[in-house]
Structure formats: structure tokens, C-alpha cells
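Novice: Got a structure for you, questions after.
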Amino acid sequence: MARITASVYTSHVPAIGAAIDLGRTNDPYWAPLFKGYEFSKRWMRDQKPDIVFLVYNDHATAFSLEMIPTFAIGTAAEFRVADEGWGPRPVPKVIGEPALASHIAQSVIQDDFDLTIVNKMDVDHGLTVPLNLLFGSPAAWPCPVIPFAVNVLQYPVPSGRRCLNLGRAIRKAVESYDEPLNVQIWGTGGMSHQLQGPRAGLINREFDSAFLDRLIADPEGLAAVPHIDYVREAGSEGIELVMWLIARGAMSDKPPKVVHRFYHVPASNTAVGHLILENQA
Ligand code: DHB
Ligand code: FE
């Protein structure tokens with residue numbers, strides 16, 4: 001059977017991608033940030049996941065106000081790197097895993113979560129920046145990726161409760177797949193940040209730290225936090241954090257092992273958070 005061995009959480013700030021693409025990771029501004037991912041890259045080389053199920057949000061790249069799926073699963077064999085306005089990032093294309101993605105769609109939709117099935121989708125910084133942070137900059141990504149896009153741009157966005165329960169349904173789907181696969185689930189976005197309006201640049205360390213604590217130890221309680229609290233405390237784009245509850249819900253009910261925790265300010269206008277949780281054997 002396939003199993004989810006670990007979950008990885010990380011911000012996906014586009015400026016991090018630009019720093020990598022422009023060879024500036026050792027600049028004094030960026031070095032402390034990339035240092036926080038050195039352990040993660042070593043850990044990843046040991047883990048060798050067969051597949052990454054990557055929860056992220058599209059930033060009006062593949063979708064737009066013309067079409068807004070709440071939850072979209074990428075079932076294609078491959079996904080092109082999106083042009084977000086300055087040409088596609090110079091990173092490998094993303095290879096999908098149509099068989100497992102279709103199985104998860106089948107299982108999760110039968111479990112009453114109405115996913116949108118997407119057979120063609122370019123992937124933006126929300127997906128490619130986390131791949132760089134965890135895998136570095138290889139000529140090809142080391143494993144297939146199932147992109148799972150969540151609407152956190154246009155209200156109404158899904159609740160924390162819905163995200164946690166969806167994660168549980170994804171866990172059940174993976175565990176009913178009859179192949180001996182090591183599957184990781186990643187949640188991306190956040191942490192506190194606001195890119196627009198009078199509060200642009202807002203960072204809330206206290207909220208971010210409490211969010212990480214509760215994601216580890218009290219996901220059930222955290223899932224009850226309403227959107228308005230994210231917006232008030234973590235800024236208008238801080239709502240990306242609800243996606244982390246999908247990855248957390250896919251973990252075992254037993255307390256996870258905290259393998260790595262990192263927090264850094266600033267990365268452009270954003271607080272960067274990163275967590276690795278392993279399922280206990
Ligand atoms: C920025 C954009 C994002 O999508 C994000 O998650 C964080 C920061 C930005 O434009 O700086
Ligand atoms: Fe984002």
C-alpha cells in the first residue's frame with residue numbers, strides 16, 4: 001500500500017525563486033533564509049519520496065476570475081512552468097502521476113469533496129519555489145508531483161475545518177492505493193503577509209509562532225479559526241495558511257515527529273515559515 005510518510009510546510013515567496021534564478025542565494029539578505037533549508041535538503045535526500053502531493057495556490061496564473069475552482073487536482077502527465085509576466089522560471093517541467101492522481105480524485109470525490117479535475121495547467125511560483133527549497137536546483141525534479149491548487153484568492157475560500165477534513169480524505173485515498181509508494185504531502189503559502197493596501201508589509205511573529213505550535217499539536221483546534229482571524233492577524237494574504245491544514249489532515253492521528261522548524265523575516269514583504277513533520281512508524 002502507498003503511505004504518507006511525512007508532511008512538509010513552507011512559504012512560497014516568488015522573490016525566493018528570483019534569488020535562486022539570479023544566483024543570489026549567498027547575498028547577505030538571502031543567506032540566512034537559505035540556511036534554514038539546508039537541513040531540509042539533506043533530509044529530503046535520505047527520504048527519497050516516490051511522489052509529492054503538493055498543495056499550493058495558483059496566483060491568477062492558470063486560473064483567473066473567469067474560473068475559480070475551490071480545489072483542483074492536477075491529473076496530467078506533465079505541467080509546464082508558468083510565465084508569470086517575466087518569462088517562465090528556468091526550472092524543470094513538473095512530471096505528474098496521473099494514475100495516483102486519478103485514484104485520489106476517485107476516492108476523495110466519492111468521499112464528498114467535489115474536486116475539479118485539471119488535465120492542463122501551468123504551475124506558478126506557489127509550486128516551483130517549494131520544489132527548489134526542498135530539492136535544490138537539479139536538471140530534473142527527483143520525483144513526480146501531483147499539483148493540488150486551492151482557491152485562497154477570491155472569497156469565499158474554504159474553511160480550515162474543510163481543509164483539515166479534506167486532508168483526512170486524501171490520506172484515506174493514498175492508503176487505499178495498491179502500490180508500495182512513499183508519498184509526501186506538502187502545504188505551502190503563508191506565513192503572515194499582506195501585499196496590498198495600507199497594511200502592506202504586515203508581519204505578525206506571534207501569530208505565526210502560535211500557528212506553527214497549533215499546527216503541530218492542536219490541528220483540530222486550529223481548524224476552527226475563522227478566516228477573519230487570519231486576515232486580521234496575519235494579513236490579507238496570510239489566509240494562504242489554511243492550505244497547511246490539508247497537509248496536516250493527511251498525517252496520522254498520532255502525534256507527529258517534529259523534524260525541522262524554521263522561521264525567518266523578511267523575504268520581500270513576507271514572513272517565511274517552514275516545518276517538517278514525520279509520521280511515527
Ligand atoms: C509574495 C507573493 C506570494 O504569493 C506569497 O505567497 C508571498 C509573497 C510577494 O509577491 O511578495
Ligand atoms: Fe502566495
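Identifiers in this document derive from the order of the C-alpha cells: chains are assigned A, B, ..., residues are numbered from 1 separately in each chain, and ligands are numbered from 1 in order of occurrence.
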Given a cut-off of 6 Å, what residues near ligand 1 show up using only C-alpha atoms and all ligand atoms, put as a PyMOL selection string?

Specialist: chain A and resi 12-14+189-190+268-270

Novice: As number ranges by chain, please: all residues of stretch 87-230 of chain A that backbone DSSP puts in alpha helix (DSSP H).

Specialist: A: 98-110, 125-135, 160-175, 205-217, 219-222, 227-230

Novice: Could you produce a table of the residues of chain A lying within 9 Å of ligand 2, with the nearest pair of atoms per residue and their separation in Å rounded to one decimal, using only C-alpha atoms and all ligand atoms, ordered by chain and increasing residue number, as a tab-separated table?

Specialist:
residue	atom	partner	partner_atom_place_in_ligand_line	distance
A:Ser11	CA	ligand 2	1 (Fe)	7.6
A:His12	CA	ligand 2	1 (Fe)	6.0
A:Val13	CA	ligand 2	1 (Fe)	6.2
A:Pro14	CA	ligand 2	1 (Fe)	7.7
A:Tyr56	CA	ligand 2	1 (Fe)	8.0
A:Asn57	CA	ligand 2	1 (Fe)	6.6
A:Asp58	CA	ligand 2	1 (Fe)	7.8
A:His59	CA	ligand 2	1 (Fe)	6.6
A:His125	CA	ligand 2	1 (Fe)	7.7
A:Gly126	CA	ligand 2	1 (Fe)	5.7
A:Val152	CA	ligand 2	1 (Fe)	8.9
A:Thr188	CA	ligand 2	1 (Fe)	8.0
A:Gly189	CA	ligand 2	1 (Fe)	5.1
A:Gly190	CA	ligand 2	1 (Fe)	6.8
A:Glu237	CA	ligand 2	1 (Fe)	7.2
A:Gly238	CA	ligand 2	1 (Fe)	8.8
A:Glu240	CA	ligand 2	1 (Fe)	6.7

Novice: Excluding stretch 92-105 of chain A and residues on its chain fewer than 2 positions from it, collect all residues at most 9 Å away from it, counting only C-alpha atoms, and give them as an NGL selection string.

Specialist: :A and (51 or 53 or 73-81 or 89-90 or 107-110 or 114-117 or 123 or 128 or 137-141 or 143-147 or 169-170 or 172-174 or 176-177)

Novice: Interatomic distance between atom CA of A:Arg42 and atom CA of A:Phe207?

Specialist: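 Distance between the two atoms: 28.9 Å.
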
Novice: Which residue, A:Glu84, A:Asp21, A:Asp213, A:Glu220, has the smallest gap to A:Val258 when you use only C-alpha atoms?

Specialist: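 For A:Val258, the nearest of the given residues is A:Asp213.
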
Novice: Taking 6 positions as the minimum chain separation for residues in the same chain, which residues sit within 12 Å of A:His227 when counting only C-alpha atoms? Answer as a list in words.

Specialist: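 Here the answer would be Val152, Tyr155, Pro156, Val157, Pro158, Ser159, Gly160, Arg161, Glu233, Ala234, Gly235, Ser236, Glu237, Gly238, Ile239, Glu240, Leu241 and Val242 of chain A.
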
Novice: Quick one: DSSP strand (DSSP E or B) residues in stretch 36-154 of chain A, as a short mmCIF file (atom, residue, chain, number, x, y, z; two decimals) with C-alpha atoms, in the first residue's frame?

Specialist:
data_model
loop_
_atom_site.label_atom_id
_atom_site.label_comp_id
_atom_site.auth_asym_id
_atom_site.auth_seq_id
_atom_site.Cartn_x
_atom_site.Cartn_y
_atom_site.Cartn_z
CA ILE A 51 5.69 11.15 -5.11
CA VAL A 52 4.96 14.57 -3.69
CA PHE A 53 1.34 15.66 -3.34
CA LEU A 54 1.83 19.42 -3.39
CA VAL A 55 -0.88 21.70 -2.01
CA TYR A 56 -0.48 25.29 -3.19
CA SER A 64 -8.32 33.82 -13.24
CA MET A 67 -12.80 30.37 -13.48
CA PHE A 71 -9.95 22.57 -5.02
CA ALA A 72 -8.26 21.48 -8.25
CA ILE A 73 -6.26 18.27 -8.65
CA GLY A 74 -3.73 18.05 -11.46
CA GLU A 78 3.21 16.87 -17.02
CA PHE A 79 2.79 20.53 -16.10
CA VAL A 81 6.32 26.10 -15.67
CA ASP A 83 5.09 32.54 -17.37
CA PRO A 88 8.87 31.02 -17.19
CA VAL A 94 6.88 19.11 -13.45
CA ILE A 95 6.16 15.45 -14.12
CA THR A 116 -12.09 19.99 -10.06
CA ILE A 117 -10.10 17.66 -12.31
CA VAL A 118 -7.47 19.55 -14.29
CA VAL A 123 2.25 25.84 -12.39
CA VAL A 145 4.43 15.76 -8.28
CA ILE A 146 0.64 15.90 -8.03
CA PRO A 147 -0.31 19.59 -8.01
CA PHE A 148 -3.31 20.42 -5.84
CA ALA A 149 -4.46 24.02 -6.23
CA VAL A 150 -6.67 25.68 -3.62
#

Novice: At what distance in Å, to one decimal, does atom CA of A:Glu278 lie from atom CA of A:Arg3?

Specialist: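 Straight-line distance from atom CA of A:Arg3 to atom CA of A:Glu278 works out to 11.7 Å.
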
Novice: In Å, how far is it from atom CA of A:Ala247 to atom CA of A:Gln106?

Specialist: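 Calculated distance between atom CA of A:Ala247 and atom CA of A:Gln106 is 18.7 Å.
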
Novice: Compare A:Asp178, A:His264, A:Arg171, A:Ala15 by their minimum atom-to-atom distance to A:Ile203, counting only C-alpha atoms, and give me the closest one.

Specialist: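 Result for the nearest residue to A:Ile203: A:His264.
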
Novice: Find the residue from A:Val265, A:Leu245, A:Leu127, A:Ala31 that sits nearest to A:Leu215; use only C-alpha atoms when measuring.

Specialist: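 Comparing A:Val265, A:Leu245, A:Leu127, A:Ala31 against A:Leu215, the winner is A:Leu245.
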